[in-house]
$ cat coords16.cif   # mmCIF, C-alpha atoms and all ligand atoms
data_upload
loop_
_atom_site.label_atom_id
_atom_site.label_comp_id
_atom_site.auth_asym_id
_atom_site.auth_seq_id
_atom_site.Cartn_x
_atom_site.Cartn_y
_atom_site.Cartn_z
CA MET A 465 -6.33 -16.79 -12.51
CA ILE A 466 -8.91 -17.24 -15.24
CA PHE A 467 -9.18 -14.00 -17.20
CA PRO A 468 -12.52 -13.01 -18.78
CA THR A 469 -10.72 -12.29 -22.07
CA GLU A 470 -13.98 -12.25 -24.03
CA LYS A 471 -14.79 -9.01 -22.19
CA PHE A 472 -11.39 -7.47 -22.84
CA SER A 473 -12.17 -6.38 -26.40
CA GLN A 474 -14.40 -3.56 -25.11
CA ILE A 475 -11.43 -1.59 -23.82
CA HIS A 476 -8.15 -0.25 -25.22
CA THR A 477 -4.95 -1.84 -24.06
CA PRO A 478 -3.04 -1.36 -21.86
CA PHE A 479 -5.53 -1.36 -18.98
CA TYR A 480 -5.73 -2.60 -15.41
CA TYR A 481 -8.08 -5.50 -14.78
CA TYR A 482 -9.28 -6.01 -11.20
CA ASP A 483 -10.88 -9.30 -10.18
CA LYS A 484 -13.78 -8.15 -8.04
CA SER A 485 -14.46 -11.50 -6.44
CA LEU A 486 -10.81 -11.94 -5.35
CA LEU A 487 -10.84 -8.44 -3.85
CA GLU A 488 -14.05 -9.26 -1.96
CA GLN A 489 -12.67 -12.59 -0.71
CA THR A 490 -9.51 -10.83 0.46
CA LEU A 491 -11.56 -8.25 2.36
CA ASP A 492 -13.78 -10.96 3.88
CA THR A 493 -10.65 -12.79 5.07
CA ILE A 494 -9.28 -9.58 6.63
CA ASN A 495 -12.57 -8.95 8.43
CA ALA A 496 -12.82 -12.55 9.64
CA GLU A 497 -9.23 -12.70 10.92
CA ALA A 498 -9.10 -9.22 12.49
CA GLY A 499 -12.57 -9.82 13.90
CA LYS A 500 -11.22 -12.61 16.09
CA TYR A 501 -9.61 -10.04 18.38
CA GLU A 502 -11.09 -7.29 20.52
CA GLY A 503 -10.47 -3.72 19.33
CA TYR A 504 -8.69 -4.54 16.04
CA LYS A 505 -9.57 -2.06 13.29
CA VAL A 506 -8.27 -2.11 9.74
CA HIS A 507 -7.72 0.94 7.57
CA TYR A 508 -6.90 0.57 3.90
CA ALA A 509 -3.74 2.44 2.87
CA VAL A 510 -5.21 4.34 -0.04
CA LYS A 511 -1.91 5.10 -1.72
CA ALA A 512 -1.77 1.52 -3.05
CA ASN A 513 -4.76 2.04 -5.38
CA VAL A 514 -7.47 4.71 -5.67
CA ASP A 515 -9.64 3.29 -8.42
CA PRO A 516 -13.15 4.53 -7.49
CA THR A 517 -14.78 1.10 -7.88
CA VAL A 518 -12.05 -0.55 -5.82
CA LEU A 519 -12.42 2.13 -3.12
CA GLY A 520 -16.19 1.64 -3.16
CA ILE A 521 -15.82 -2.12 -2.58
CA ILE A 522 -13.36 -1.55 0.28
CA ASN A 523 -15.66 1.03 1.88
CA GLY A 524 -18.57 -1.38 1.45
CA LYS A 525 -16.70 -4.00 3.46
CA GLY A 526 -16.35 -1.56 6.33
CA LEU A 527 -12.63 -0.75 6.33
CA GLY A 528 -11.45 2.73 7.19
CA CYS A 529 -8.76 4.50 5.20
CA ASP A 530 -5.26 5.75 5.74
CA CYS A 531 -4.31 8.75 3.60
CA VAL A 532 -0.94 10.35 2.95
CA SER A 533 -2.06 13.51 1.13
CA GLY A 534 -4.91 16.00 0.94
CA GLY A 535 -5.79 14.61 -2.47
CA GLU A 536 -6.24 11.16 -0.96
CA VAL A 537 -8.44 12.57 1.81
CA GLU A 538 -10.61 14.19 -0.89
CA ARG A 539 -10.79 10.91 -2.87
CA CYS A 540 -11.87 8.98 0.22
CA LEU A 541 -14.55 11.50 1.10
CA MET A 542 -15.79 11.34 -2.52
CA SER A 543 -15.90 7.54 -2.33
CA GLY A 544 -18.13 7.78 0.72
CA PHE A 545 -15.76 6.89 3.55
CA ALA A 546 -16.96 8.33 6.85
CA PRO A 547 -14.59 11.09 8.09
CA SER A 548 -14.52 9.24 11.41
CA LYS A 549 -12.72 6.38 9.63
CA ILE A 550 -10.07 8.51 7.89
CA VAL A 551 -6.57 8.92 9.29
CA PHE A 552 -3.93 11.15 7.71
CA ALA A 553 -0.19 10.39 7.81
CA GLY A 554 2.79 11.83 5.96
CA VAL A 555 6.07 13.49 6.76
CA GLY A 556 5.26 16.71 4.87
CA LYS A 557 1.66 17.84 5.20
CA ALA A 558 1.04 21.23 3.57
CA ASP A 559 -1.18 23.81 5.29
CA TRP A 560 -4.01 23.37 2.78
CA GLU A 561 -3.97 19.63 3.34
CA ILE A 562 -4.19 20.05 7.10
CA GLU A 563 -7.01 22.58 6.72
CA LEU A 564 -8.93 20.28 4.39
CA ALA A 565 -8.64 17.44 6.90
CA LEU A 566 -9.65 19.71 9.80
CA ASP A 567 -12.70 20.93 7.85
CA ALA A 568 -13.70 17.32 7.15
CA ASN A 569 -13.32 16.35 10.84
CA ILE A 570 -11.16 13.31 10.10
CA ALA A 571 -10.46 10.82 12.91
CA CYS A 572 -6.76 11.45 13.45
CA PHE A 573 -3.58 13.08 12.17
CA ASN A 574 -0.52 10.84 12.36
CA VAL A 575 2.09 13.47 13.13
CA GLU A 576 5.74 13.01 12.27
CA SER A 577 7.53 16.01 13.84
CA GLU A 578 7.32 18.76 16.43
CA PRO A 579 7.02 21.60 13.88
CA GLU A 580 4.10 19.78 12.25
CA LEU A 581 2.42 19.53 15.66
CA GLU A 582 2.71 23.29 16.12
CA VAL A 583 1.26 24.00 12.66
CA ILE A 584 -1.72 21.68 13.20
CA ASP A 585 -2.34 23.29 16.60
CA SER A 586 -2.37 26.80 15.18
CA LEU A 587 -4.51 25.92 12.13
CA ALA A 588 -6.96 24.08 14.41
CA ARG A 589 -7.10 27.06 16.79
CA ALA A 590 -7.95 29.39 13.89
CA LYS A 591 -10.92 27.14 13.10
CA GLY A 592 -11.96 26.67 16.73
CA LYS A 593 -11.27 22.94 16.48
CA ILE A 594 -9.35 20.34 18.44
CA ALA A 595 -7.31 17.94 16.29
CA ASN A 596 -6.89 14.31 17.32
CA VAL A 597 -3.24 13.40 16.96
CA ALA A 598 -1.20 10.22 17.11
CA LEU A 599 2.58 10.57 17.07
CA ARG A 600 4.43 8.50 14.53
CA VAL A 601 7.35 6.83 16.20
CA ASN A 602 10.35 5.47 14.39
CA PRO A 603 10.94 2.24 16.31
CA ASN A 604 14.30 1.44 14.70
CA VAL A 605 13.16 -2.00 13.55
CA ASP A 606 14.77 -3.53 10.47
CA ALA A 607 12.01 -4.80 8.22
CA HIS A 608 14.43 -6.83 6.04
CA THR A 609 12.87 -5.46 2.88
CA HIS A 610 14.02 -3.38 -0.11
CA LYS A 611 15.89 -0.25 0.93
CA TYR A 612 13.39 2.00 -0.89
CA ILE A 613 10.48 0.58 1.11
CA THR A 614 11.95 0.21 4.59
CA THR A 615 10.78 3.05 6.81
CA GLY A 616 11.39 2.05 10.42
CA LEU A 617 15.15 2.54 10.76
CA SER A 618 16.46 5.58 12.61
CA GLU A 619 18.26 6.75 9.46
CA ASN A 620 14.91 7.06 7.59
CA LYS A 621 13.10 10.39 7.32
CA PHE A 622 9.91 9.00 8.86
CA GLY A 623 8.55 9.48 12.35
CA ILE A 624 10.00 10.65 15.63
CA SER A 625 12.93 8.76 17.11
CA MET A 626 12.35 6.94 20.39
CA GLU A 627 15.02 9.09 22.04
CA MET A 628 13.15 12.31 21.22
CA LEU A 629 9.64 11.06 21.87
CA ASP A 630 9.24 12.33 25.47
CA GLU A 631 9.95 15.88 24.41
CA VAL A 632 7.39 15.76 21.56
CA VAL A 633 4.78 14.15 23.82
CA ASP A 634 5.23 16.99 26.34
CA LYS A 635 4.68 19.42 23.51
CA ALA A 636 1.55 17.58 22.32
CA LEU A 637 0.12 17.60 25.84
CA ALA A 638 0.84 21.31 26.25
CA LEU A 639 -0.80 22.44 23.00
CA LYS A 640 -4.43 23.36 23.61
CA ASN A 641 -5.84 22.51 20.19
CA ILE A 642 -4.18 19.10 20.06
CA ASN A 643 -5.78 16.02 21.57
CA PHE A 644 -3.02 13.42 21.91
CA ILE A 645 -4.68 10.01 21.46
CA GLY A 646 -2.05 7.48 20.52
CA LEU A 647 1.03 6.22 18.77
CA HIS A 648 1.58 5.34 15.13
CA PHE A 649 4.17 3.08 13.50
CA HIS A 650 4.89 1.74 10.02
CA ILE A 651 8.12 -0.17 9.54
CA GLY A 652 8.12 -0.88 5.81
CA SER A 653 6.40 -2.64 2.96
CA GLN A 654 6.39 -6.09 1.35
CA LEU A 655 7.44 -7.86 4.56
CA LEU A 656 7.43 -11.62 4.08
CA GLU A 657 8.53 -12.59 7.58
CA PHE A 658 6.53 -12.06 10.73
CA GLU A 659 9.51 -11.55 13.01
CA PRO A 660 9.82 -7.76 12.38
CA PHE A 661 6.15 -7.34 13.38
CA ALA A 662 6.88 -9.21 16.62
CA MET A 663 9.92 -6.94 17.18
CA LEU A 664 7.68 -3.93 16.67
CA CYS A 665 5.29 -5.28 19.33
CA SER A 666 8.09 -5.58 21.84
CA ARG A 667 9.15 -1.95 21.19
CA ILE A 668 5.51 -0.89 21.64
CA ASN A 669 5.21 -2.82 24.91
CA ASP A 670 8.28 -1.02 26.30
CA LEU A 671 6.88 2.35 25.24
CA GLN A 672 3.47 1.60 26.73
CA ASP A 673 5.09 0.79 30.09
CA LYS A 674 6.82 4.18 30.00
CA PHE A 675 3.59 6.00 29.15
CA GLU A 676 1.78 4.17 31.91
CA ALA A 677 4.47 5.14 34.40
CA ARG A 678 3.85 8.76 33.40
CA GLY A 679 0.10 8.32 33.86
CA ILE A 680 -0.64 8.84 30.14
CA ALA A 681 -3.38 6.62 28.69
CA LEU A 682 -3.29 5.92 24.94
CA LYS A 683 -6.57 5.29 23.15
CA THR A 684 -5.06 3.85 19.97
CA ILE A 685 -1.97 2.04 18.85
CA ASN A 686 -1.62 2.09 15.08
CA VAL A 687 0.93 -0.38 13.72
CA GLY A 688 0.75 0.59 10.04
CA GLY A 689 0.82 -1.94 7.21
CA GLY A 690 3.58 -3.80 5.46
CA LEU A 691 2.27 -7.34 5.03
CA GLY A 692 3.74 -8.66 1.79
CA VAL A 693 2.29 -10.71 -1.05
CA ASP A 694 3.58 -13.64 -3.11
CA TYR A 695 4.63 -12.11 -6.43
CA VAL A 696 6.10 -15.41 -7.62
CA ASN A 697 3.09 -17.68 -6.97
CA PRO A 698 0.02 -15.45 -7.15
CA ASP A 699 -2.28 -18.35 -8.04
CA LYS A 700 -1.05 -20.50 -5.15
CA ASN A 701 -1.25 -17.62 -2.66
CA PRO A 702 -3.90 -15.21 -3.94
CA ILE A 703 -4.74 -14.09 -0.39
CA PRO A 704 -1.94 -13.13 2.02
CA ASP A 705 -1.64 -14.91 5.35
CA PHE A 706 -3.82 -12.55 7.38
CA ALA A 707 -4.45 -15.25 10.00
CA THR A 708 -0.75 -15.37 11.00
CA PHE A 709 -0.40 -11.60 10.63
CA PHE A 710 -3.12 -10.73 13.16
CA ALA A 711 -2.20 -13.69 15.39
CA THR A 712 1.39 -12.40 15.54
CA TYR A 713 0.14 -9.11 16.93
CA ASN A 714 -2.28 -10.83 19.28
CA LYS A 715 0.50 -13.02 20.63
CA ASN A 716 3.07 -10.27 21.07
CA ILE A 717 1.36 -6.99 21.88
CA LYS A 718 0.05 -6.10 25.33
CA LEU A 719 -2.96 -3.88 24.79
CA ARG A 720 -4.48 -2.04 27.73
CA PRO A 721 -8.18 -2.51 28.50
CA GLY A 722 -10.35 -0.71 25.95
CA GLN A 723 -7.39 0.18 23.77
CA GLU A 724 -7.80 -0.07 19.98
CA LEU A 725 -5.19 -1.63 17.70
CA HIS A 726 -5.25 -0.10 14.22
CA PHE A 727 -3.75 -1.55 11.05
CA GLU A 728 -3.09 0.16 7.73
CA LEU A 729 -2.81 -2.46 5.02
CA GLY A 730 -2.28 -1.41 1.43
CA ARG A 731 -0.51 -3.92 -0.78
CA ALA A 732 -1.97 -6.96 0.98
CA VAL A 733 -5.51 -5.76 0.23
CA VAL A 734 -5.35 -4.94 -3.47
CA CYS A 735 -2.19 -6.39 -5.03
CA GLN A 736 -3.25 -9.85 -6.16
CA CYS A 737 -6.63 -8.86 -7.59
CA GLY A 738 -5.00 -6.60 -10.20
CA SER A 739 -3.22 -7.31 -13.49
CA LEU A 740 -1.94 -4.97 -16.16
CA ILE A 741 -3.32 -6.26 -19.46
CA SER A 742 -1.34 -5.41 -22.52
CA ARG A 743 -1.26 -6.35 -26.19
CA VAL A 744 1.78 -7.62 -28.07
CA LEU A 745 2.75 -5.07 -30.70
CA TYR A 746 5.70 -6.87 -32.21
CA VAL A 747 7.84 -9.93 -31.79
CA LYS A 748 11.31 -8.84 -32.77
CA ASN A 749 14.29 -11.07 -33.47
CA GLY A 750 17.51 -9.60 -32.09
CA LEU A 751 20.99 -10.95 -32.68
CA ASN A 752 20.93 -13.29 -29.67
CA LYS A 753 17.50 -12.67 -28.22
CA LYS A 754 13.87 -12.49 -29.13
CA PHE A 755 11.87 -9.55 -27.81
CA VAL A 756 8.18 -9.34 -27.11
CA ILE A 757 7.32 -5.67 -27.41
CA LEU A 758 4.18 -4.74 -25.48
CA ASP A 759 1.96 -1.70 -25.73
CA ALA A 760 2.41 -1.29 -21.93
CA GLY A 761 5.54 0.28 -20.58
CA MET A 762 7.13 1.70 -17.46
CA SER A 763 4.72 4.65 -17.61
CA ASP A 764 1.91 2.17 -16.90
CA LEU A 765 3.74 0.00 -14.34
CA ILE A 766 6.96 1.44 -13.00
CA ARG A 767 7.80 -1.09 -10.26
CA PRO A 768 10.21 -3.22 -12.34
CA ALA A 769 12.12 -0.12 -13.49
CA LEU A 770 11.97 1.56 -10.07
CA TYR A 771 12.91 -1.27 -7.73
CA GLY A 772 13.70 -4.20 -10.01
CA ALA A 773 10.36 -5.65 -8.90
CA HIS A 774 9.17 -8.94 -10.33
CA HIS A 775 5.73 -9.43 -11.91
CA ASN A 776 4.75 -12.77 -13.41
CA ILE A 777 4.18 -12.45 -17.13
CA GLU A 778 1.53 -14.59 -18.82
CA ASN A 779 0.37 -14.81 -22.41
CA ILE A 780 -3.37 -15.18 -21.74
CA THR A 781 -4.63 -15.71 -25.28
CA SER A 782 -2.04 -17.90 -26.97
CA ALA A 783 -3.23 -21.36 -28.04
CA GLU A 784 0.34 -22.47 -28.80
CA THR A 785 1.78 -25.54 -27.08
CA GLU A 786 5.37 -24.77 -28.08
CA THR A 787 7.35 -22.33 -25.93
CA GLU A 788 10.04 -19.77 -26.64
CA THR A 789 12.31 -17.57 -24.50
CA TYR A 790 11.80 -13.81 -24.75
CA ASP A 791 12.74 -10.53 -23.17
CA VAL A 792 9.44 -8.74 -22.54
CA VAL A 793 9.77 -4.99 -22.97
CA GLY A 794 7.71 -1.82 -23.32
CA PRO A 795 7.73 0.87 -26.01
CA ILE A 796 9.34 3.63 -23.94
CA CYS A 797 12.69 5.19 -24.76
CA GLU A 798 14.51 3.97 -21.64
CA SER A 799 16.51 0.75 -21.29
CA SER A 800 14.92 0.18 -17.89
CA ASP A 801 11.56 -0.19 -19.67
CA CYS A 802 11.76 -3.95 -19.39
CA PHE A 803 9.30 -6.24 -17.59
CA GLY A 804 11.26 -9.47 -17.75
CA THR A 805 14.34 -11.09 -19.27
CA ASP A 806 14.53 -14.67 -20.52
CA GLU A 807 10.85 -15.30 -19.90
CA VAL A 808 9.54 -18.63 -21.15
CA LEU A 809 6.19 -18.03 -22.83
CA PRO A 810 4.05 -19.93 -25.29
CA LEU A 811 5.06 -19.01 -28.84
CA THR A 812 3.88 -15.40 -28.96
CA HIS A 813 2.43 -13.40 -31.82
CA ARG A 814 1.39 -9.84 -32.59
CA GLY A 815 -2.05 -9.23 -31.09
CA ASP A 816 -1.76 -11.67 -28.17
CA LEU A 817 -2.81 -10.40 -24.76
CA VAL A 818 -0.22 -10.47 -21.99
CA ALA A 819 -1.00 -10.11 -18.27
CA LEU A 820 1.47 -8.66 -15.79
CA ARG A 821 0.27 -10.23 -12.58
CA SER A 822 0.07 -8.93 -9.00
CA ALA A 823 -0.19 -5.35 -10.21
CA GLY A 824 -3.13 -4.14 -8.11
CA ALA A 825 -0.94 -2.24 -5.64
CA TYR A 826 1.39 0.62 -6.54
CA GLY A 827 0.63 -0.05 -10.21
CA GLN A 828 -2.02 2.14 -11.83
CA ILE A 829 -1.62 4.79 -9.12
CA MET A 830 2.04 5.29 -10.06
CA ALA A 831 1.29 5.54 -13.80
CA SER A 832 2.55 8.70 -15.46
CA ASN A 833 2.18 10.58 -18.72
CA TYR A 834 5.85 10.11 -19.60
CA ASN A 835 6.29 10.18 -23.40
CA CYS A 836 2.81 11.81 -23.47
CA ARG A 837 1.27 8.42 -22.93
CA LYS A 838 -2.24 7.97 -21.56
CA ILE A 839 -2.93 6.74 -18.02
CA PRO A 840 -4.27 3.17 -18.37
CA ALA A 841 -7.99 2.71 -17.71
CA SER A 842 -9.57 0.25 -15.23
CA LEU A 843 -11.85 -2.70 -15.73
CA VAL A 844 -13.34 -4.12 -12.55
CA LEU A 845 -15.26 -7.35 -13.14
C1 LIG B 901 2.47 2.94 2.66
C2 LIG B 901 1.93 2.98 4.02
C3 LIG B 901 1.13 1.95 4.48
C4 LIG B 901 0.79 0.72 3.66
O1 LIG B 901 1.88 -0.08 3.39
P1 LIG B 901 1.66 -1.50 2.68
O2 LIG B 901 3.01 -2.10 2.66
O3 LIG B 901 1.13 -1.26 1.31
O4 LIG B 901 0.72 -2.29 3.52
C5 LIG B 901 0.63 2.05 5.76
N1 LIG B 901 0.88 3.13 6.54
C6 LIG B 901 1.65 4.14 6.12
C7 LIG B 901 1.88 5.29 7.01
C8 LIG B 901 2.20 4.11 4.85
O5 LIG B 901 2.96 5.12 4.45
#

$ encode --input "coords16.cif" --output "structure tokens"
Amino acid sequence: MIFPTEKFSQIHTPFYYYDKSLLEQTLDTINAEAGKYEGYKVHYAVKANVDPTVLGIINGKGLGCDCVSGGEVERCLMSGFAPSKIVFAGVGKADWEIELALDANIACFNVESEPELEVIDSLARAKGKIANVALRVNPNVDAHTHKYITTGLSENKFGISMEMLDEVVDKALALKNINFIGLHFHIGSQLLEFEPFAMLCSRINDLQDKFEARGIALKTINVGGGLGVDYVNPDKNPIPDFATFFATYNKNIKLRPGQELHFELGRAVVCQCGSLISRVLYVKNGLNKKFVILDAGMSDLIRPALYGAHHNIENITSAETETETYDVVGPICESSDCFGTDEVLPLTHRGDLVALRSAGAYGQIMASNYNCRKIPASLVL
């Protein structure tokens, strides 16, 4: 990635830089690949990044959005998404969040339990509304990903187990202010193999046969997100393999005539266009190591501290040809505030700019005020 460093002096470090043209190319690829198949609709999983400019670009390219909180529903409405393109998931929706979504007439609630179904029904009745509902099913598929981001195993808190589904469907059909329209799934995040998606399709096919036998027609099947990105080679693979992703579904899922297949992609949409840009405060010689101390820390990008995640680290202003090995750390008073150990960088000096790559998803949105630090700003160019 070529960084427009001449424009970086206008803004305080650390900040998040988003490459607008890469984001647009990614969205164009999604639209082209999903557009090859009848009834495929893509929602953006807003929790990955809610920068208003980024949301505006995504809305402009015609994607819908998938929210997991009332606050996200509000953000999407503010960014101009049509309520008819907003779906709302989450294992613990509070009453005010449900009411807000009912008032906005969103497209669908992805419901994760029987008690939630009853609450939505009663809140909808009080407003004289009928809520569209898809039931989130836990398909017990192993996504082979990090244990913090796998969601489709029966031991996870998410969704309704296959064994209990019939009972909850009966309930949904019986409740007068619930309109049961489909099924929802999401098996995990940062999946780099396509086999778990194919497994999910086979589970869905079995379920659809059962629904058909009961004479229940489903309008939508929502398969969630999860497509991973290449954190190690972001320049070689700036755009995830959407062609294979959608083709895997097309090959394996048996949709019924007129049925819509919905996707909720988060990371794959926004990850590679974003970098956390930080300035080197000090280069410190330890006993056996050299440390590059950045002005960005785990409060700005928590993924390395939270899941041991890897982000490529690049010195984007050094003119040095010689290299040196450094541990790259932040200023925060926690030993886990470390972005990389034994990183080979050009000889680095105070004042250099360092980019932490592939930080567009679950980066800025997870920033906190820990140590009374400021939330990093955005620069979308
Ligand atoms: C997080 C989430 C997504 C998006 O996951 P990605 O791995 O970022 O694509 C989609 N759907 C639901 C319900 C989610 O919770």

$ residues_near_ligand --input "coords16.cif" --ligand "ligand LIG 901 (chain B)" --cutoff "9 Å" --atoms "only C-alpha atoms and all ligand atoms" --output "ChimeraX atom specification"
/A:507-512,530-532,552-554,574,600,613,615,648-655,686-692,727-735,825-826

$ residues_around --input "coords16.cif" --residues "Gly646 of chain A" --least-positions-apart "6" --cutoff "6 Å" --atoms "all atoms listed in the file" --output "NGL selection string"
:A and (598 or 682-685)

$ atom_distance --input "coords16.cif" --atom1 "atom CA of Pro698 of chain A" --atom2 "atom CA of Asn779 of chain A"
15.3 Å

$ residues_near_point --input "coords16.cif" --point "(0.9, -9.9, -27.5)" --cutoff "9 Å" --atoms "all atoms listed in the file" --output "ChimeraX atom specification"
/A:742-747,756-759,779-782,812-818

$ closest_residue --input "coords16.cif" --among "A:Ser533, A:Ser739, A:Thr493, A:Asn833" --to "Ile550 of chain A" --atoms "only C-alpha atoms"
A:Ser533

$ closest_atom_pairs --input "coords16.cif" --of "segment 669-713 of chain A" --to "segment 622-637 of chain A" --cutoff "12 Å" --atoms "all atoms listed in the file" --output "tab-separated table"
residue	atom	partner	partner_atom	distance
A:Asp670	CA	A:Met626	CA	10.7
A:Leu671	CA	A:Met626	CA	8.6
A:Lys674	CA	A:Asp630	CA	9.6
A:Phe675	CA	A:Asp630	CA	9.2
A:Arg678	CA	A:Asp630	CA	10.2
A:Ile680	CA	A:Leu637	CA	9.8
A:Ala681	CA	A:Leu637	CA	11.9
A:Leu682	CA	A:Val633	CA	11.6

$ residues_around --input "coords16.cif" --residues "segment 789-795 of chain A" --least-positions-apart "5" --cutoff "7 Å" --atoms "all atoms listed in the file" --output "list in words"
Lys753, Lys754, Phe755, Val756, Ile757, Leu758, Asp759, Ala760, Gly761, Met762, Asp801, Cys802, Phe803, Gly804, Thr805, Asp806, Glu807, Val808 and Leu809 of chain A

$ residues_near_point --input "coords16.cif" --point "(12.2, -6.5, 9.1)" --cutoff "7 Å" --atoms "all atoms listed in the file" --output "list in words"
Val605, Asp606, Ala607, His608, Thr609, Leu655, Glu659 and Pro660 of chain A

$ residues_around --input "coords16.cif" --residues "segment 539-547 of chain A" --least-positions-apart "3" --cutoff "10 Å" --atoms "only C-alpha atoms" --output "PyMOL selection string"
chain A and resi 510+514-524+526-531+533-536+550-551+565+568-572

$ atom_distance --input "coords16.cif" --atom1 "atom CA of Leu843 of chain A" --atom2 "atom CA of Tyr482 of chain A"
6.2 Å

$ atom_distance --input "coords16.cif" --atom1 "atom CA of Ile717 of chain A" --atom2 "atom CA of Ile494 of chain A"
18.8 Å

$ closest_residue --input "coords16.cif" --among "A:Ile645, A:Ile703, A:Leu719, A:Ala769" --to "Gln672 of chain A" --atoms "only C-alpha atoms"
A:Leu719

$ residues_around --input "coords16.cif" --residues "Tyr504 of chain A" --least-positions-apart "3" --cutoff "6 Å" --atoms "only C-alpha atoms" --output "list of chain:residue names"
A:Ala498, A:Leu725, A:His726

$ axis_aligned_box --input "coords16.cif" --around "segment 721-740 of chain A" --padding-each-side "8 Å" --output "JSON"
{"center_x": -5.4, "center_y": -4.8, "center_z": 6.2, "size_x": 25.8, "size_y": 26.0, "size_z": 60.7}

$ closest_residue --input "coords16.cif" --among "A:Ala819, A:Thr785, A:Asp764, A:His775" --to "Tyr834 of chain A" --atoms "only C-alpha atoms"
A:Asp764

$ residues_around --input "coords16.cif" --residues "Met465 of chain A" --least-positions-apart "6" --cutoff "12 Å" --atoms "all atoms listed in the file" --output "PDB file with C-alpha atoms, in the coordinates of the input"
ATOM      1  CA  TYR A 481      -8.080  -5.500 -14.780  1.00  0.00           C
ATOM      2  CA  TYR A 482      -9.280  -6.010 -11.200  1.00  0.00           C
ATOM      3  CA  ASP A 483     -10.880  -9.300 -10.180  1.00  0.00           C
ATOM      4  CA  SER A 485     -14.460 -11.500  -6.440  1.00  0.00           C
ATOM      5  CA  LEU A 486     -10.810 -11.940  -5.350  1.00  0.00           C
ATOM      6  CA  ASN A 697       3.090 -17.680  -6.970  1.00  0.00           C
ATOM      7  CA  PRO A 698       0.020 -15.450  -7.150  1.00  0.00           C
ATOM      8  CA  ASP A 699      -2.280 -18.350  -8.040  1.00  0.00           C
ATOM      9  CA  LYS A 700      -1.050 -20.500  -5.150  1.00  0.00           C
ATOM     10  CA  ASN A 701      -1.250 -17.620  -2.660  1.00  0.00           C
ATOM     11  CA  PRO A 702      -3.900 -15.210  -3.940  1.00  0.00           C
ATOM     12  CA  GLN A 736      -3.250  -9.850  -6.160  1.00  0.00           C
ATOM     13  CA  CYS A 737      -6.630  -8.860  -7.590  1.00  0.00           C
ATOM     14  CA  GLY A 738      -5.000  -6.600 -10.200  1.00  0.00           C
ATOM     15  CA  SER A 739      -3.220  -7.310 -13.490  1.00  0.00           C
ATOM     16  CA  ASN A 776       4.750 -12.770 -13.410  1.00  0.00           C
ATOM     17  CA  GLU A 778       1.530 -14.590 -18.820  1.00  0.00           C
ATOM     18  CA  ILE A 780      -3.370 -15.180 -21.740  1.00  0.00           C
ATOM     19  CA  ALA A 819      -1.000 -10.110 -18.270  1.00  0.00           C
ATOM     20  CA  LEU A 820       1.470  -8.660 -15.790  1.00  0.00           C
ATOM     21  CA  ARG A 821       0.270 -10.230 -12.580  1.00  0.00           C
ATOM     22  CA  SER A 822       0.070  -8.930  -9.000  1.00  0.00           C
TER      23      SER A 822
END

$ decode --input "coords16.cif" --residues "segment 529-542 of chain A" --atoms "C-alpha atoms" --output "PDB file, in the first residue's frame"
ATOM      1  CA  CYS A 529     -26.591  -3.486   7.338  1.00  0.00           C
ATOM      2  CA  ASP A 530     -26.526  -5.990  10.139  1.00  0.00           C
ATOM      3  CA  CYS A 531     -26.659  -4.470  13.622  1.00  0.00           C
ATOM      4  CA  VAL A 532     -26.054  -6.026  17.011  1.00  0.00           C
ATOM      5  CA  SER A 533     -27.227  -3.177  19.258  1.00  0.00           C
ATOM      6  CA  GLY A 534     -29.691  -0.299  19.394  1.00  0.00           C
ATOM      7  CA  GLY A 535     -26.786   2.104  19.110  1.00  0.00           C
ATOM      8  CA  GLU A 536     -25.764   0.496  15.829  1.00  0.00           C
ATOM      9  CA  VAL A 537     -29.336   0.717  14.515  1.00  0.00           C
ATOM     10  CA  GLU A 538     -29.289   4.449  15.343  1.00  0.00           C
ATOM     11  CA  ARG A 539     -25.901   4.908  13.613  1.00  0.00           C
ATOM     12  CA  CYS A 540     -27.152   3.182  10.472  1.00  0.00           C
ATOM     13  CA  LEU A 541     -30.310   5.258  10.341  1.00  0.00           C
ATOM     14  CA  MET A 542     -28.172   8.401  10.796  1.00  0.00           C
TER      15      MET A 542
END
